[in-house]
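Dumped my_file18.tsv below, it's TSV, C-alpha atoms:
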chain	number	residue	atom	x	y	z
A	6	MET	CA	4.29	-31.01	24.54
A	7	LYS	CA	6.59	-31.09	21.51
A	8	HIS	CA	6.64	-27.91	19.44
A	9	SER	CA	7.85	-27.45	15.87
A	10	LYS	CA	11.03	-25.38	15.51
A	11	TYR	CA	8.91	-22.69	13.83
A	12	LEU	CA	6.48	-22.43	16.77
A	13	LEU	CA	9.20	-22.79	19.39
A	14	LEU	CA	11.28	-19.95	17.94
A	15	PHE	CA	8.19	-17.77	17.69
A	16	CYS	CA	7.31	-18.45	21.34
A	17	ILE	CA	10.84	-17.72	22.49
A	18	LEU	CA	11.03	-14.34	20.78
A	19	THR	CA	7.48	-13.00	21.13
A	20	PHE	CA	4.42	-13.19	23.35
A	21	ILE	CA	1.34	-14.90	22.01
A	22	GLU	CA	-1.49	-16.68	23.68
A	23	GLY	CA	-0.83	-20.39	23.87
A	24	CYS	CA	2.94	-20.19	24.31
A	25	ASN	CA	3.88	-22.01	27.50
A	26	ASP	CA	7.09	-20.15	28.30
A	27	ASN	CA	6.91	-17.06	30.46
A	28	ILE	CA	9.36	-14.67	28.87
A	29	SER	CA	10.57	-11.64	30.76
A	30	THR	CA	13.25	-8.98	30.55
A	31	SER	CA	15.19	-7.17	33.25
A	32	ASP	CA	13.39	-4.29	34.88
A	33	PRO	CA	15.38	-1.20	35.97
A	34	SER	CA	14.05	-1.67	39.51
A	35	GLY	CA	15.72	-5.06	39.74
A	36	GLY	CA	12.65	-7.18	38.98
A	37	THR	CA	11.37	-8.51	35.71
A	38	SER	CA	8.67	-7.34	33.33
A	39	PRO	CA	7.15	-8.81	30.19
A	40	ARG	CA	8.63	-7.66	26.92
A	41	ALA	CA	6.01	-5.67	25.03
A	42	THR	CA	5.04	-6.57	21.48
A	43	THR	CA	4.00	-3.73	19.20
A	44	TYR	CA	1.03	-4.41	16.92
A	45	SER	CA	0.70	-2.10	13.94
A	46	PRO	CA	-2.75	-1.17	12.59
A	47	ILE	CA	-3.19	-2.43	9.04
A	48	THR	CA	-3.80	0.61	6.87
A	49	GLY	CA	-2.89	0.51	3.20
A	50	THR	CA	0.21	-1.59	2.69
A	51	ILE	CA	2.89	-3.22	4.86
A	52	GLN	CA	6.47	-3.28	3.66
A	53	ALA	CA	7.68	-6.86	3.40
A	54	GLU	CA	10.99	-6.02	5.11
A	55	SER	CA	9.17	-4.74	8.23
A	56	TYR	CA	8.72	-8.27	9.63
A	57	SER	CA	9.20	-8.88	13.35
A	58	LEU	CA	10.69	-12.34	12.77
A	59	MET	CA	11.87	-14.28	9.74
A	60	SER	CA	13.61	-17.45	8.69
A	61	GLY	CA	15.78	-17.88	5.60
A	62	VAL	CA	15.00	-14.68	3.68
A	63	GLN	CA	17.18	-11.67	2.86
A	64	LYS	CA	16.51	-7.98	2.25
A	65	GLU	CA	17.69	-6.35	-0.96
A	66	THR	CA	17.32	-3.05	-2.82
A	67	THR	CA	14.25	-2.89	-5.05
A	68	THR	CA	13.68	-0.99	-8.28
A	69	ASP	CA	9.90	-1.13	-7.82
A	70	ALA	CA	7.99	2.16	-7.54
A	71	GLY	CA	8.89	3.93	-4.32
A	72	GLY	CA	12.31	2.29	-4.03
A	73	GLY	CA	13.51	1.00	-0.67
A	74	GLN	CA	13.92	-2.72	-0.05
A	75	ASP	CA	12.17	-5.93	-0.91
A	76	VAL	CA	12.53	-9.43	0.55
A	77	GLY	CA	14.17	-12.05	-1.64
A	78	TYR	CA	16.18	-15.28	-1.68
A	79	ILE	CA	12.99	-17.06	-0.64
A	80	ASP	CA	13.10	-20.85	-0.57
A	81	ALA	CA	10.53	-23.46	0.45
A	82	SER	CA	9.63	-23.27	4.18
A	83	ASP	CA	11.05	-19.76	4.64
A	84	TRP	CA	8.72	-17.39	6.49
A	85	MET	CA	8.15	-13.85	7.77
A	86	ILE	CA	5.99	-12.82	10.74
A	87	TYR	CA	4.19	-9.47	11.15
A	88	ASN	CA	2.54	-8.23	14.34
A	89	VAL	CA	-0.63	-6.45	13.22
A	90	ASN	CA	-3.98	-5.20	14.42
A	91	VAL	CA	-6.94	-6.24	12.28
A	92	PRO	CA	-9.71	-3.62	12.70
A	93	THR	CA	-12.77	-5.85	12.42
A	94	SER	CA	-13.58	-9.51	11.88
A	95	GLY	CA	-14.58	-10.38	8.34
A	96	SER	CA	-13.58	-11.15	4.79
A	97	TYR	CA	-10.44	-9.41	3.54
A	98	LYS	CA	-8.71	-9.16	0.21
A	99	ILE	CA	-4.96	-9.55	0.66
A	100	PHE	CA	-2.63	-8.05	-1.95
A	101	TYR	CA	0.99	-9.10	-2.48
A	102	ARG	CA	3.50	-7.20	-4.60
A	103	VAL	CA	5.69	-9.98	-6.03
A	104	ALA	CA	8.31	-10.70	-8.68
A	105	SER	CA	9.56	-14.04	-10.01
A	106	LEU	CA	11.91	-14.92	-12.83
A	107	ASN	CA	10.40	-18.31	-13.62
A	108	GLY	CA	7.20	-18.56	-11.57
A	109	GLY	CA	6.11	-21.79	-9.91
A	110	GLY	CA	6.22	-20.37	-6.40
A	111	ASN	CA	3.49	-20.64	-3.79
A	112	LEU	CA	2.92	-18.54	-0.68
A	113	GLN	CA	0.72	-19.21	2.31
A	114	LEU	CA	-0.86	-16.74	4.72
A	115	GLU	CA	-1.14	-18.26	8.18
A	116	ARG	CA	-1.19	-17.52	11.87
A	117	GLY	CA	2.25	-16.70	13.24
A	118	GLY	CA	3.63	-19.90	14.70
A	119	GLY	CA	1.49	-22.06	12.41
A	120	GLY	CA	-1.65	-24.00	13.24
A	121	LEU	CA	-4.14	-21.97	11.21
A	122	THR	CA	-3.93	-21.40	7.46
A	123	TYR	CA	-5.86	-18.48	6.01
A	124	GLY	CA	-5.13	-19.14	2.34
A	125	THR	CA	-2.55	-20.02	-0.31
A	126	LEU	CA	-1.69	-18.35	-3.61
A	127	SER	CA	0.44	-19.16	-6.65
A	128	VAL	CA	3.13	-16.69	-7.72
A	129	PRO	CA	3.32	-16.29	-11.52
A	130	SER	CA	6.38	-15.61	-13.62
A	131	THR	CA	6.94	-11.88	-14.11
A	132	GLY	CA	10.02	-12.36	-16.30
A	133	GLY	CA	12.53	-10.98	-13.80
A	134	TRP	CA	13.40	-10.60	-10.14
A	135	GLN	CA	12.55	-6.88	-10.29
A	136	ASN	CA	9.59	-7.10	-12.68
A	137	TRP	CA	6.69	-6.56	-10.29
A	138	THR	CA	3.03	-7.50	-10.32
A	139	THR	CA	0.26	-7.50	-7.71
A	140	ILE	CA	-1.62	-10.71	-6.90
A	141	SER	CA	-4.43	-11.23	-4.40
A	142	HIS	CA	-6.77	-13.65	-2.68
A	143	THR	CA	-9.63	-13.40	-0.21
A	144	VAL	CA	-9.33	-14.70	3.36
A	145	THR	CA	-11.27	-14.50	6.62
A	146	LEU	CA	-9.59	-12.85	9.63
A	147	SER	CA	-10.61	-12.16	13.20
A	148	ALA	CA	-10.34	-8.71	14.76
A	149	GLY	CA	-7.62	-7.67	17.18
A	150	ASN	CA	-3.89	-7.88	17.83
A	151	GLN	CA	-2.35	-10.91	16.19
A	152	SER	CA	0.73	-12.24	14.44
A	153	ILE	CA	0.35	-13.17	10.78
A	154	ALA	CA	2.94	-15.06	8.77
A	155	ILE	CA	3.71	-15.27	5.08
A	156	LYS	CA	5.28	-18.66	4.43
A	157	ALA	CA	6.83	-20.06	1.25
A	158	ILE	CA	5.31	-23.39	0.29
A	159	SER	CA	7.67	-23.25	-2.69
A	160	GLY	CA	10.25	-20.56	-3.35
A	161	GLY	CA	11.62	-18.62	-6.29
A	162	TRP	CA	9.92	-15.25	-5.72
A	163	ASN	CA	10.49	-11.83	-4.15
A	164	ILE	CA	7.98	-9.72	-2.23
A	165	ASN	CA	8.01	-5.93	-1.86
A	166	TRP	CA	4.85	-5.29	0.16
A	167	TRP	CA	1.53	-6.77	1.12
A	168	GLY	CA	-1.75	-5.11	2.03
A	169	LEU	CA	-5.16	-5.80	3.44
A	170	ALA	CA	-8.59	-4.35	2.71
A	171	THR	CA	-12.09	-5.51	3.50
A	172	THR	CA	-13.90	-6.90	0.48
A	173	SER	CA	-16.86	-4.68	1.35
A	174	GLY	CA	-14.68	-1.58	1.32
A	175	GLY	CA	-14.52	-1.19	5.09
A	176	GLY	CA	-10.79	-0.71	5.57
A	177	GLY	CA	-11.28	0.83	9.02
A	178	GLY	CA	-14.10	3.14	7.80
A	179	ASN	CA	-17.56	2.77	6.34
A	180	GLY	CA	-17.29	4.61	3.04
A	181	GLY	CA	-17.69	1.55	0.83
A	182	GLY	CA	-16.51	1.50	-2.75
A	183	THR	CA	-14.85	-1.02	-5.05
A	184	LEU	CA	-11.38	-2.13	-4.01
A	185	GLN	CA	-8.62	-1.81	-6.65
A	186	SER	CA	-4.82	-1.89	-6.60
A	187	THR	CA	-3.08	0.74	-8.74
A	188	TYR	CA	0.20	2.53	-9.40
A	189	PHE	CA	-0.01	5.99	-7.86
A	190	THR	CA	1.97	8.89	-9.30
A	191	SER	CA	1.56	12.62	-8.76
A	192	TYR	CA	1.72	15.89	-10.68
A	193	GLY	CA	1.46	19.59	-10.01
A	194	TYR	CA	1.06	22.95	-11.74
A	195	ASN	CA	4.60	22.76	-13.12
A	196	ASP	CA	4.25	19.47	-15.01
A	197	ASN	CA	0.59	19.76	-15.94
A	198	ASP	CA	-0.16	20.62	-19.58
A	199	ASP	CA	-3.22	22.08	-21.26
A	200	GLY	CA	-3.55	19.26	-23.78
A	201	ASN	CA	-1.59	21.19	-26.39
A	202	GLY	CA	1.88	20.66	-24.96
A	203	HIS	CA	1.95	23.88	-22.89
A	204	PHE	CA	3.14	23.19	-19.35
A	205	GLY	CA	2.71	25.30	-16.23
A	206	THR	CA	-1.08	25.38	-16.06
A	207	ALA	CA	-4.04	24.23	-13.99
A	208	VAL	CA	-6.26	23.39	-16.96
A	209	ILE	CA	-8.10	20.07	-16.55
A	210	ALA	CA	-9.80	17.88	-19.13
A	211	TYR	CA	-13.03	17.30	-17.18
A	212	PRO	CA	-14.08	20.39	-15.18
A	213	ASN	CA	-17.12	19.90	-12.94
A	214	SER	CA	-19.12	21.42	-10.13
A	215	HIS	CA	-16.30	20.80	-7.66
A	216	HIS	CA	-13.44	22.28	-9.67
A	217	SER	CA	-12.97	24.24	-12.89
A	218	ILE	CA	-9.18	23.85	-12.65
A	219	ALA	CA	-6.82	21.36	-10.99
A	220	THR	CA	-7.17	21.79	-7.24
A	221	GLU	CA	-5.66	20.28	-4.14
A	222	GLY	CA	-8.71	20.40	-1.91
A	223	THR	CA	-8.58	19.41	1.74
A	224	GLY	CA	-9.20	15.79	0.76
A	225	THR	CA	-12.60	15.41	2.40
A	226	TYR	CA	-15.50	13.79	0.56
A	227	ASN	CA	-17.02	17.23	-0.09
A	228	ASP	CA	-13.70	18.86	-0.96
A	229	PRO	CA	-11.72	16.21	-2.88
A	230	VAL	CA	-8.37	16.58	-4.61
A	231	THR	CA	-8.08	16.45	-8.41
A	232	PHE	CA	-6.72	13.25	-9.93
A	233	ALA	CA	-6.05	12.17	-13.50
A	234	THR	CA	-6.22	8.88	-15.36
A	235	ASP	CA	-7.53	7.39	-18.59
A	236	PRO	CA	-11.36	7.75	-18.75
A	237	ARG	CA	-11.67	4.08	-19.73
A	238	GLU	CA	-10.08	3.21	-16.40
A	239	ILE	CA	-12.19	5.47	-14.18
A	240	ALA	CA	-15.01	7.68	-15.46
A	241	PRO	CA	-14.69	11.48	-15.07
A	242	GLY	CA	-16.39	12.74	-11.92
A	243	THR	CA	-15.76	9.52	-9.97
A	244	ILE	CA	-14.73	9.86	-6.32
A	245	ILE	CA	-11.99	7.58	-4.98
A	246	TYR	CA	-10.55	7.17	-1.51
A	247	VAL	CA	-6.82	6.51	-1.03
A	248	PRO	CA	-6.10	4.89	2.37
A	249	TYR	CA	-2.34	5.48	2.48
A	250	LEU	CA	-2.93	9.25	2.16
A	251	GLN	CA	-6.33	9.24	3.93
A	252	LYS	CA	-7.83	11.53	1.30
A	253	TYR	CA	-10.65	11.61	-1.23
A	254	PHE	CA	-9.88	12.46	-4.87
A	255	GLN	CA	-12.07	13.15	-7.90
A	256	MET	CA	-11.34	12.13	-11.50
A	257	GLU	CA	-11.05	15.48	-13.32
A	258	ASP	CA	-8.11	15.25	-15.70
A	259	GLY	CA	-6.40	13.17	-18.36
A	260	CYS	CA	-3.00	11.52	-18.07
A	261	ALA	CA	-0.91	10.53	-21.10
A	262	GLU	CA	1.15	7.99	-19.15
A	263	CYS	CA	-2.06	6.50	-17.72
A	264	THR	CA	-3.41	6.06	-21.25
A	265	THR	CA	-0.16	4.42	-22.37
A	266	ASP	CA	-0.33	2.00	-19.44
A	267	TRP	CA	-4.00	1.23	-20.05
A	268	ASN	CA	-3.27	0.51	-23.70
A	269	SER	CA	-0.50	-1.86	-22.57
A	270	GLY	CA	-2.63	-4.55	-20.96
A	271	LYS	CA	-4.99	-2.36	-18.92
A	272	LYS	CA	-2.39	-1.52	-16.29
A	273	TRP	CA	-3.92	0.66	-13.56
A	274	ARG	CA	-2.31	4.06	-12.99
A	275	THR	CA	-3.68	6.99	-10.96
A	276	ASP	CA	-2.07	10.47	-11.06
A	277	LEU	CA	-2.76	12.70	-8.02
A	278	PHE	CA	-2.60	16.50	-8.15
A	279	MET	CA	-0.70	18.42	-5.47
A	280	GLY	CA	0.25	22.00	-4.65
A	281	GLY	CA	-0.91	25.44	-5.74
A	282	ASN	CA	-2.83	26.04	-8.96
A	283	THR	CA	-2.08	29.68	-9.82
A	284	SER	CA	1.68	29.80	-10.40
A	285	LEU	CA	4.82	27.71	-10.77
A	286	GLN	CA	5.89	25.91	-7.59
A	287	PRO	CA	9.53	25.79	-6.46
A	288	GLU	CA	11.71	22.99	-7.77
A	289	PRO	CA	13.03	20.48	-6.92
A	290	ALA	CA	10.69	20.64	-3.91
A	291	LEU	CA	7.58	19.82	-5.96
A	292	SER	CA	9.21	17.02	-7.96
A	293	ASN	CA	10.67	15.48	-4.81
A	294	CYS	CA	7.24	15.52	-3.16
A	295	GLU	CA	5.71	13.88	-6.22
A	296	ASP	CA	8.33	11.14	-5.95
A	297	TYR	CA	7.65	10.79	-2.22
A	298	VAL	CA	4.01	9.76	-2.67
A	299	THR	CA	4.65	7.53	-5.72
A	300	ARG	CA	3.95	3.88	-4.93
A	301	ASN	CA	1.82	0.84	-5.69
A	302	ASP	CA	-1.11	0.72	-3.30
A	303	ILE	CA	-4.90	0.38	-3.10
A	304	MET	CA	-7.90	2.65	-3.55
A	305	TYR	CA	-11.69	2.49	-3.23
A	306	ILE	CA	-13.54	3.54	-6.40
A	307	ASN	CA	-16.94	5.26	-5.97
A	308	ALA	CA	-16.19	5.66	-2.28
A	309	GLY	CA	-18.74	7.33	-0.06
A	310	PRO	CA	-18.24	9.49	3.04
A	311	GLY	CA	-17.12	7.89	6.29
A	312	TYR	CA	-13.41	7.19	5.87
A	313	PRO	CA	-10.80	8.93	8.07
A	314	VAL	CA	-9.36	12.05	6.44
A	315	ASP	CA	-6.01	13.79	6.83
A	316	THR	CA	-6.53	17.41	5.72
A	317	THR	CA	-2.81	18.25	5.75
A	318	PRO	CA	-1.84	19.35	2.21
A	319	LEU	CA	0.30	17.03	0.12
A	320	PHE	CA	2.37	20.05	-0.97
A	321	SER	CA	1.96	23.33	0.89
A	322	SER	CA	1.42	26.26	-1.46
A	323	THR	CA	2.30	28.67	1.36
A	324	SER	CA	5.50	27.16	2.77
A	325	HIS	CA	6.37	25.52	-0.58
A	326	THR	CA	7.34	22.29	1.18
A	327	CYS	CA	6.22	18.67	1.01
A	328	THR	CA	3.78	18.10	3.87
A	329	ALA	CA	2.30	14.78	2.73
A	330	HIS	CA	1.66	12.17	5.42
A	331	LEU	CA	1.92	8.49	4.50
A	332	HIS	CA	-0.39	6.35	6.66
Would you mind writing the file's structure down as structure tokens?
Amino acid sequence: MKHSKYLLLFCILTFIEGCNDNISTSDPSGGTSPRATTYSPITGTIQAESYSLMSGVQKETTTDAGGGQDVGYIDASDWMIYNVNVPTSGSYKIFYRVASLNGGGNLQLERGGGGLTYGTLSVPSTGGWQNWTTISHTVTLSAGNQSIAIKAISGGWNINWWGLATTSGGGGGNGGGTLQSTYFTSYGYNDNDDGNGHFGTAVIAYPNSHHSIATEGTGTYNDPVTFATDPREIAPGTIIYVPYLQKYFQMEDGCAECTTDWNSGKKWRTDLFMGGNTSLQPEPALSNCEDYVTRNDIMYINAGPGYPVDTTPLFSSTSHTCTAHLH
């Protein structure tokens, strides 16, 4: 049977069902054993440069939030393959963090090796190769280990990350909520102000039954962490769940930068509190930890209980170190 070069290369370098070649590697005992393929659970976002295979693309430094690398120099028919584990069969919203000087590009999500197309999406002009925006479409995926490819139908765009979430808010849990991509930042006691320009405080704009001051709770549904944003974006008292931190947060404070962003085209921004709330925290440890969790990612608004929770503090008020886990 004649294979395309795309499928043939994929079969040579990885194991998937349907490939005819039996690939093996040397075993220390003198025999042979299959080469294992690692499938990563999809939680939050996947960095574009973490592909297992690619054709035609190049990595480069990105100036997008969180730094690191993006994938660029993408031309028509270039592709990247990711070995992933989809938690359950169903409808998923796929996010792509992209940049394009002139627009006109098109990407396609498909099975690794081709043969099944999940969906296509146009990439708009963002005005520059490092001017980033998040686009999305809804596709249907089956559960289990699989290889998924992002292929360029037409080029002229960069990609920093992509992410997956169930349209019903499942995301590996059952807490529900409305899916939304946002720019996450963080703040602590040191850089919080009381609304009158006085910094070094735990005063919040919207105290409630959970908290009278900014608090880094354990991150459970019943003990959420304070977050801040513009009240037109998310109403005070609203609970959100953040998959990449595996924590619940409650809207309890205002955020000047969030208001500026919302006034500039309703750009989503969510500011997460971390650390102690009774005294100044050591620097630059706090600022570095705030930078560490800064990124574009997804959240569930009005989330209910049922999602996995990591109760490790983002910033330890006892050891005064960054203890945040990125999932």
Correct to one decimal, the distance CA of Gln185 in chain A-CA of Asp302 in chain A is 8.6 Å
Do a neighbour search on Tyr123 in chain A at 9 Å with all atoms listed in the file, toss out local chain neighbours closer than 5 positions, and write the hits as a list of chain:residue names. A:Gln113, A:Leu114, A:Glu115, A:Arg116, A:Thr143, A:Val144, A:Thr145, A:Leu146
Distance of CA of Asn227 in chain A from CA of Thr275 in chain A, expressed in Å to one decimal place: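 Between CA of Thr275 in chain A and CA of Asn227 in chain A the gap works out to 20.0 Å.
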Which polymer residues have any atom within 7 Å of an atom of range 196-211 of chain A, counting only C-alpha atoms, with same-chain residues fewer than 2 positions away left out, as a PDB file with C-alpha atoms, keeping the file's coordinate frame?
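Dumped to part28.pdb:
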ATOM      1  CA  TYR A 192       1.720  15.890 -10.680  1.00  0.00           C
ATOM      2  CA  GLY A 193       1.460  19.590 -10.010  1.00  0.00           C
ATOM      3  CA  TYR A 194       1.060  22.950 -11.740  1.00  0.00           C
ATOM      4  CA  ASN A 213     -17.120  19.900 -12.940  1.00  0.00           C
ATOM      5  CA  ILE A 218      -9.180  23.850 -12.650  1.00  0.00           C
ATOM      6  CA  ALA A 219      -6.820  21.360 -10.990  1.00  0.00           C
ATOM      7  CA  PRO A 241     -14.690  11.480 -15.070  1.00  0.00           C
ATOM      8  CA  GLU A 257     -11.050  15.480 -13.320  1.00  0.00           C
ATOM      9  CA  ASP A 258      -8.110  15.250 -15.700  1.00  0.00           C
ATOM     10  CA  GLY A 259      -6.400  13.170 -18.360  1.00  0.00           C
ATOM     11  CA  ASN A 282      -2.830  26.040  -8.960  1.00  0.00           C
ATOM     12  CA  LEU A 285       4.820  27.710 -10.770  1.00  0.00           C
TER      13      LEU A 285
END
Do you know which residues are at most 12 Å from Ser60 in chain A counting all atoms listed in the file, after dropping those on the same chain fewer than 3 positions away, and could you put them as a PyMOL selection string? chain A and resi 10-12+14-15+56-57+63-64+76-86+118+154-157
Please indicate the distance in Å from CA of Trp162 in chain A to CA of Tyr44 in chain A, rounded to one decimal place. 26.6 Å
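Proximity of A:Asn163, A:Thr183, A:Asn90, A:Asn301 to Pro46 in chain A, computed with all atoms listed in the file, is greatest for A:Asn90.
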Which is closest to Gly281 in chain A among A:Thr265, A:Ser96, A:Gln251, A:Asn195, if we use all atoms listed in the file? A:Asn195
Do a neighbour search on Met256 in chain A at 12 Å with only C-alpha atoms, toss out local chain neighbours closer than 4 positions, and write the hits as a PyMOL selection string. chain A and resi 209-213+215-216+218-220+229-246+260+275-278+306-307
Neighbour residues at most 6 Å from (-14.6, 1.0, -2.1) (all atoms listed in the file) as an MDAnalysis selection string: chainID A and resid 174 181:184 305:306 308
Check the smallest atom-to-atom distance from each of A:Ile153, A:Cys263, A:Gly72, A:Leu58 to Gly120 in chain A using all atoms listed in the file, then report the winner.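 Comparing A:Ile153, A:Cys263, A:Gly72, A:Leu58 against Gly120 in chain A, the winner is A:Ile153.
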Can you pull out every residue within 10 Å of Pro287 in chain A, counting only C-alpha atoms, but drop anything in the same chain fewer than 6 positions away, and send it as number ranges by chain? A: 195, 322, 325-326
From A:Ser147, A:Thr223, A:Ser191, A:Asn165, residue lying nearest Gln52 in chain A [only C-alpha atoms]: A:Asn165
